[in-house]
Amino acid sequence: MTQPIIEAQGISVEFARNRRRRLSVRELFIHQSRRQAKGKFFALKDVSFQISPGECVGIIGKNGTGKSTLLKVIAGVLIPDEGTVQVHGKVAPLLELRAGFSDELSGRENVYLVGSLHGMSKDDIDSGFESIIDFAGEQVSDAIDTPVKHYSSGMKVRLGFALIAQLEHPIMLVDEVLAVGDKAFRKKCYATIEKMLADGRTMVLVSHSEGDLKRFCNRGLYIEKGHLKVDGPLTEALAAYNADTDVIGKK
Amino acid sequence: MASRTASVWDGREVVSLLVRRDLKVKYQSSFLGYAWSMLEPLAMAAIYWFVFGVLYGQRVGPDGGGTNGYVIFLLAGLLPWLTFNAGITDSTRALTSQSKLITTMKVPREVFPLGVVAGKVVEFFFSLPVLLLFAVIFRIWPSWEGLYWLPAALLTQTVLLAGLALLLSSANVLLRDVQRIVRILTRLMFYAAPIIYPLSKVTDAAASGHVPVWLKNVYEANPIVGIMQMFHAVWFPSEAPDTKLLLTSVIGSLVVFAFGWWLFRRLEPAILKEL
């Protein structure tokens, strides 16, 4: 067996339930008892798995069961409370549809900024710039020198995906990006992803679309309430997911 | 720890990118652009010069300076102070305002507050021509020995600022009140450091019993006091900090930096969840 490219060992991530509302000093002192009563919950609990190079793994599960959290842990933008994640290689993340663009800068400047943040050299971006704009579509290429704040959300996603697609990192993390964008753009995305997989890159995909998952993935991780329930062939994971969903439907 | 430092060092490319982006946004989105780096200290210096230099006569500046000397004295202190002030205010929000980048990209998180600090230091250099302009007009020159104080002052200030940036930016994510507290504290710090008045006003007051000695000691324990004295010493050799004051500044800044770094590392997992 080849050396795994992503190794997760018993990761747990704990969130305090009402930390979503910003804590202020007043609350810290006055409402402390109530805060504690609400307690904490695990977004992920003791999740372990290994992913080999070249695999395409789909993560499935209901909303709010920790899929995106898991992806963030792999991307290294979230530190697990317990367990370790080892990622051998650079990661190209497309999380939450945002590529981290600055609103005030133009599309061109953002491509250079975010590209360099991902480790691309200026020459890399120079030579790839045409194809990035090309990929992002006519609308974006017309507006490439206007600030990104005037872009529609579709345009931002397209430019973001186009940029990330240029990265030659061995690992791709994709979170629900395929659900947005129009049909033509989705088609391009599919082609790009297929090409990447053909190049032997590793991909972790979060999606609710069975079609997308079946198209690319051979393996599925089914997560339920933070626990890794099924780790096996995609069909098996999907079957478990569907079975659980059907039970709820019948109730 | 060592690998952590190395990864921040690897992130220096990122820092320079962020600095350039911030400066670009700042200078692009306003009509006067670069001029603001000089206009703000100029306006503030004008106010204090009018109030203390003109209304209170020449009794404010260091000895032998005169009114012209007071203008130089003011600018020599105000420029680094404005850098410091802006650095603290902006770096407090460094993580919260960059949450988009932080939650989508794996870069050492320290680069965001440290990047703000680096940007402010660059802006400090941009604002120096104001001071030079007045030096030329008034024909007041720093001595060669005095010039040695400038890098020392800037270095100590940068270390202190970096420590505070790490401290405040991480605390602010978990406790948004921090940015409000900071606004009040910087205002307080401004008057609690020899920026618009010379340190001798405080030591004289303590010597004559107007100010209790313990209060003077508390005052001098503030690392900013020694830093400001260093900046003033460039132009006024009489203002050069003594060994005790110098050590207080340097050690104080290093302690703040170490604590800021430690706290940042400590809070990092919680910060990432919160963003």
# chains A, B, ... in the order shown; residues from 1 in each chain; ligands from 1
>>> closest_atom_pairs(of="chain B", to="chain A", cutoff="9 Å", atoms="only C-alpha atoms", output="CSV")
residue,atom,partner,partner_atom,distance
B:Glu13,CA,A:Leu117,CA,8.3
B:Val14,CA,A:Leu117,CA,6.0
B:Leu17,CA,A:Leu113,CA,6.8
B:Leu18,CA,A:Leu113,CA,8.1
B:Arg21,CA,A:Leu113,CA,7.9
B:Lys24,CA,A:Leu105,CA,8.5
B:Val25,CA,A:Glu104,CA,6.5
B:Ser29,CA,A:Glu104,CA,8.1
B:Gln98,CA,A:Gly100,CA,8.5
B:Ser99,CA,A:Gly100,CA,8.6
B:Lys100,CA,A:Gly100,CA,5.2
B:Leu101,CA,A:Gly100,CA,4.4
B:Ile102,CA,A:Val77,CA,6.9
B:Thr103,CA,A:Val77,CA,5.6
B:Thr104,CA,A:Leu95,CA,5.9
B:Met105,CA,A:Val77,CA,6.5
B:Lys106,CA,A:Val77,CA,5.6
B:Val107,CA,A:Leu117,CA,7.9
B:Val173,CA,A:Arg22,CA,8.8
B:Leu174,CA,A:Leu23,CA,6.7
B:Leu175,CA,A:Ser24,CA,5.6
B:Arg176,CA,A:Ser24,CA,6.3
B:Asp177,CA,A:Ser24,CA,6.1
B:Glu268,CA,A:Ile79,CA,8.0
B:Pro269,CA,A:Ile79,CA,5.2
B:Ala270,CA,A:Ile79,CA,8.4
B:Ile271,CA,A:Leu78,CA,8.9
B:Leu272,CA,A:Leu78,CA,5.5
B:Lys273,CA,A:Leu78,CA,6.6
B:Glu274,CA,A:Arg20,CA,7.3
>>> write_last_selection(atoms="C-alpha atoms", output="tab-separated table (two decimals), in the first residue's frame")
chain	number	residue	atom	x	y	z
B	13	GLU	CA	6.55	36.87	1.49
B	14	VAL	CA	2.92	36.88	2.53
B	17	LEU	CA	2.12	41.08	-0.05
B	18	LEU	CA	-0.37	42.07	2.62
B	21	ARG	CA	-2.09	45.46	-0.55
B	24	LYS	CA	-2.40	50.19	-2.16
B	25	VAL	CA	-5.96	50.14	-0.88
B	29	SER	CA	-9.18	54.83	-2.38
B	98	GLN	CA	-9.21	39.37	7.51
B	99	SER	CA	-11.44	36.49	8.55
B	100	LYS	CA	-12.16	35.67	4.90
B	101	LEU	CA	-8.53	35.04	4.12
B	102	ILE	CA	-7.82	33.30	7.38
B	103	THR	CA	-10.67	30.82	7.11
B	104	THR	CA	-9.89	29.85	3.54
B	105	MET	CA	-6.15	29.76	3.40
B	106	LYS	CA	-3.47	28.07	5.38
B	107	VAL	CA	-0.93	30.71	6.26
B	173	VAL	CA	-11.52	37.88	18.25
B	174	LEU	CA	-12.86	36.37	21.44
B	175	LEU	CA	-13.80	39.61	23.11
B	176	ARG	CA	-14.92	42.36	20.79
B	177	ASP	CA	-14.82	44.84	23.64
B	268	GLU	CA	-5.16	30.21	18.12
B	269	PRO	CA	-7.45	27.13	18.09
B	270	ALA	CA	-10.26	29.11	19.69
B	271	ILE	CA	-9.72	32.02	17.32
B	272	LEU	CA	-10.02	29.82	14.26
B	273	LYS	CA	-13.31	28.43	15.50
B	274	GLU	CA	-14.65	31.86	16.25
>>> select_by_dssp(residues="stretch 140-182 of chain A", states="alpha helix (DSSP H)", output="list in words")
Val140, Ser141, Asp142, Ser153, Gly154, Met155, Lys156, Val157, Arg158, Leu159, Gly160, Phe161, Ala162, Leu163, Ile164, Ala165 and Gln166 of chain A
>>> write_last_selection(atoms="C-alpha atoms", output="short mmCIF file (atom, residue, chain, number, x, y, z; two decimals), in the first residue's frame")
data_model
loop_
_atom_site.label_atom_id
_atom_site.label_comp_id
_atom_site.auth_asym_id
_atom_site.auth_seq_id
_atom_site.Cartn_x
_atom_site.Cartn_y
_atom_site.Cartn_z
CA VAL A 140 -15.29 38.57 -15.47
CA SER A 141 -12.73 39.36 -18.13
CA ASP A 142 -14.62 42.57 -18.98
CA SER A 153 -21.40 36.37 -6.32
CA GLY A 154 -21.36 34.10 -9.36
CA MET A 155 -18.50 36.08 -10.84
CA LYS A 156 -16.49 35.86 -7.63
CA VAL A 157 -16.94 32.11 -7.45
CA ARG A 158 -15.97 31.70 -11.07
CA LEU A 159 -12.84 33.75 -10.68
CA GLY A 160 -12.01 31.93 -7.45
CA PHE A 161 -12.40 28.51 -9.01
CA ALA A 162 -10.47 29.56 -12.09
CA LEU A 163 -7.60 30.68 -9.91
CA ILE A 164 -7.56 27.63 -7.67
CA ALA A 165 -7.74 25.42 -10.74
CA GLN A 166 -4.42 26.90 -11.85
#
>>> residues_around(residues="stretch 73-75 of chain B", least_positions_apart="6", cutoff="8 Å", atoms="only C-alpha atoms", output="list of chain:residue names")
B:Pro41, B:Leu42, B:Ala45, B:Tyr48, B:Trp49, B:Gly61, B:Pro62, B:Leu131, B:Ile195, B:Ile196, B:His232, B:Trp235
>>> write_last_selection(atoms="C-alpha atoms", output="PDB file, in the first residue's frame")
ATOM      1  CA  PRO B  41       0.795  64.516  11.904  1.00  0.00           C
ATOM      2  CA  LEU B  42       1.041  68.027  10.522  1.00  0.00           C
ATOM      3  CA  ALA B  45       1.443  69.186  15.474  1.00  0.00           C
ATOM      4  CA  TYR B  48      -0.365  71.267  20.013  1.00  0.00           C
ATOM      5  CA  TRP B  49       2.042  73.917  18.829  1.00  0.00           C
ATOM      6  CA  GLY B  61       9.629  72.434  24.996  1.00  0.00           C
ATOM      7  CA  PRO B  62      12.996  71.164  26.204  1.00  0.00           C
ATOM      8  CA  LEU B 131       9.983  66.377  10.013  1.00  0.00           C
ATOM      9  CA  ILE B 195       5.149  63.286  23.478  1.00  0.00           C
ATOM     10  CA  ILE B 196       3.808  66.827  23.679  1.00  0.00           C
ATOM     11  CA  HIS B 232      13.419  62.925  21.028  1.00  0.00           C
ATOM     12  CA  TRP B 235      17.136  66.034  17.993  1.00  0.00           C
TER      13      TRP B 235
END
>>> atom_distance(atom1="atom CA of A:Gly220", atom2="atom CA of A:Ala191")
21.1 Å
>>> atom_distance(atom1="atom CA of B:Ala193", atom2="atom CA of B:Ile224")
6.5 Å
>>> atom_distance(atom1="atom CA of A:Arg219", atom2="atom CA of A:Val73")
19.2 Å
>>> residues_around(residues="stretch 5-7 of chain A", least_positions_apart="4", cutoff="7 Å", atoms="only C-alpha atoms", output="list of chain:residue names")
A:Phe49, A:Gln50, A:Ile51, A:Ser52, A:Pro53, A:Val85, A:Gln86, A:Val87, A:His88
>>> residues_around(residues="stretch 215-218 of chain B", least_positions_apart="5", cutoff="12 Å", atoms="only C-alpha atoms", output="ChimeraX atom specification")
/B:192-193,199-210,223,225,244-245,248
>>> decode(residues="stretch 217-266 of chain B", atoms="N, CA and C atoms", output="short mmCIF file (atom, residue, chain, number, x, y, z; two decimals), in the first residue's frame")
data_model
loop_
_atom_site.label_atom_id
_atom_site.label_comp_id
_atom_site.auth_asym_id
_atom_site.auth_seq_id
_atom_site.Cartn_x
_atom_site.Cartn_y
_atom_site.Cartn_z
N ASN B 217 7.31 56.63 39.33
CA ASN B 217 7.88 55.32 39.01
C ASN B 217 6.95 54.52 38.11
N VAL B 218 5.66 54.60 38.42
CA VAL B 218 4.68 53.91 37.56
C VAL B 218 4.75 54.48 36.15
N TYR B 219 4.82 55.79 36.10
CA TYR B 219 4.90 56.48 34.81
C TYR B 219 6.10 56.01 34.00
N GLU B 220 7.24 55.91 34.68
CA GLU B 220 8.46 55.55 33.96
C GLU B 220 8.55 54.06 33.65
N ALA B 221 7.69 53.26 34.29
CA ALA B 221 7.69 51.82 34.00
C ALA B 221 7.09 51.54 32.63
N ASN B 222 6.40 52.51 32.08
CA ASN B 222 5.79 52.36 30.77
C ASN B 222 6.87 52.37 29.69
N PRO B 223 7.01 51.29 28.93
CA PRO B 223 8.09 51.25 27.94
C PRO B 223 8.01 52.37 26.90
N ILE B 224 6.80 52.88 26.68
CA ILE B 224 6.65 53.92 25.66
C ILE B 224 7.42 55.19 26.05
N VAL B 225 7.52 55.44 27.37
CA VAL B 225 8.22 56.64 27.84
C VAL B 225 9.67 56.64 27.34
N GLY B 226 10.36 55.53 27.56
CA GLY B 226 11.74 55.44 27.11
C GLY B 226 11.86 55.52 25.60
N ILE B 227 10.89 54.89 24.90
CA ILE B 227 10.93 54.91 23.44
C ILE B 227 10.79 56.34 22.93
N MET B 228 9.85 57.08 23.51
CA MET B 228 9.65 58.46 23.09
C MET B 228 10.89 59.31 23.38
N GLN B 229 11.53 59.03 24.52
CA GLN B 229 12.75 59.76 24.84
C GLN B 229 13.83 59.49 23.80
N MET B 230 13.88 58.25 23.34
CA MET B 230 14.87 57.92 22.31
C MET B 230 14.58 58.71 21.04
N PHE B 231 13.30 58.76 20.65
CA PHE B 231 12.96 59.51 19.44
C PHE B 231 13.30 60.99 19.60
N HIS B 232 13.09 61.51 20.79
CA HIS B 232 13.42 62.93 21.03
C HIS B 232 14.92 63.17 21.06
N ALA B 233 15.64 62.13 21.56
CA ALA B 233 17.09 62.28 21.71
C ALA B 233 17.80 62.48 20.37
N VAL B 234 17.11 62.05 19.29
CA VAL B 234 17.70 62.26 17.97
C VAL B 234 17.96 63.75 17.75
N TRP B 235 17.03 64.58 18.22
CA TRP B 235 17.14 66.03 17.99
C TRP B 235 17.65 66.78 19.21
N PHE B 236 17.34 66.26 20.38
CA PHE B 236 17.71 66.95 21.62
C PHE B 236 18.52 66.00 22.50
N PRO B 237 19.83 66.12 22.47
CA PRO B 237 20.68 65.19 23.23
C PRO B 237 20.31 65.17 24.72
N SER B 238 19.77 66.29 25.22
CA SER B 238 19.42 66.35 26.64
C SER B 238 18.31 65.36 26.99
N GLU B 239 17.54 64.93 25.98
CA GLU B 239 16.40 64.04 26.24
C GLU B 239 16.80 62.57 26.25
N ALA B 240 18.05 62.26 25.94
CA ALA B 240 18.46 60.85 25.86
C ALA B 240 18.13 60.12 27.16
N PRO B 241 17.49 58.94 27.06
CA PRO B 241 17.10 58.21 28.27
C PRO B 241 18.33 57.70 29.02
N ASP B 242 18.26 57.70 30.36
CA ASP B 242 19.36 57.10 31.13
C ASP B 242 19.25 55.59 31.08
N THR B 243 20.25 54.91 31.64
CA THR B 243 20.32 53.46 31.52
C THR B 243 19.07 52.78 32.06
N LYS B 244 18.57 53.29 33.19
CA LYS B 244 17.42 52.65 33.82
C LYS B 244 16.19 52.73 32.89
N LEU B 245 15.98 53.91 32.35
CA LEU B 245 14.83 54.11 31.47
C LEU B 245 14.97 53.28 30.20
N LEU B 246 16.20 53.23 29.70
CA LEU B 246 16.47 52.47 28.50
C LEU B 246 16.18 50.99 28.71
N LEU B 247 16.69 50.47 29.83
CA LEU B 247 16.48 49.05 30.13
C LEU B 247 15.00 48.76 30.32
N THR B 248 14.30 49.67 31.01
CA THR B 248 12.87 49.48 31.21
C THR B 248 12.16 49.32 29.87
N SER B 249 12.52 50.18 28.93
CA SER B 249 11.87 50.14 27.61
C SER B 249 12.18 48.84 26.89
N VAL B 250 13.46 48.50 26.84
CA VAL B 250 13.87 47.34 26.05
C VAL B 250 13.32 46.06 26.66
N ILE B 251 13.51 45.90 27.96
CA ILE B 251 13.03 44.68 28.61
C ILE B 251 11.50 44.64 28.59
N GLY B 252 10.89 45.78 28.87
CA GLY B 252 9.43 45.84 28.85
C GLY B 252 8.89 45.42 27.49
N SER B 253 9.49 45.93 26.42
CA SER B 253 9.02 45.60 25.08
C SER B 253 9.19 44.12 24.78
N LEU B 254 10.34 43.57 25.21
CA LEU B 254 10.58 42.14 24.96
C LEU B 254 9.58 41.28 25.73
N VAL B 255 9.28 41.67 26.95
CA VAL B 255 8.32 40.92 27.76
C VAL B 255 6.94 40.96 27.11
N VAL B 256 6.54 42.14 26.67
CA VAL B 256 5.24 42.27 26.01
C VAL B 256 5.21 41.40 24.76
N PHE B 257 6.32 41.41 24.02
CA PHE B 257 6.37 40.62 22.79
C PHE B 257 6.24 39.12 23.10
N ALA B 258 7.00 38.67 24.12
CA ALA B 258 6.95 37.24 24.48
C ALA B 258 5.54 36.86 24.93
N PHE B 259 4.94 37.72 25.73
CA PHE B 259 3.60 37.42 26.23
C PHE B 259 2.58 37.41 25.08
N GLY B 260 2.72 38.39 24.20
CA GLY B 260 1.80 38.47 23.05
C GLY B 260 1.89 37.22 22.19
N TRP B 261 3.11 36.78 21.96
CA TRP B 261 3.35 35.58 21.15
C TRP B 261 2.73 34.36 21.82
N TRP B 262 2.97 34.24 23.12
CA TRP B 262 2.47 33.10 23.87
C TRP B 262 0.95 33.08 23.85
N LEU B 263 0.35 34.24 24.09
CA LEU B 263 -1.11 34.30 24.13
C LEU B 263 -1.70 33.96 22.76
N PHE B 264 -1.04 34.45 21.73
CA PHE B 264 -1.53 34.19 20.37
C PHE B 264 -1.56 32.69 20.10
N ARG B 265 -0.46 32.01 20.44
CA ARG B 265 -0.38 30.56 20.25
C ARG B 265 -1.43 29.85 21.07
N ARG B 266 -1.63 30.33 22.26
CA ARG B 266 -2.58 29.74 23.18
C ARG B 266 -4.00 29.84 22.65
#
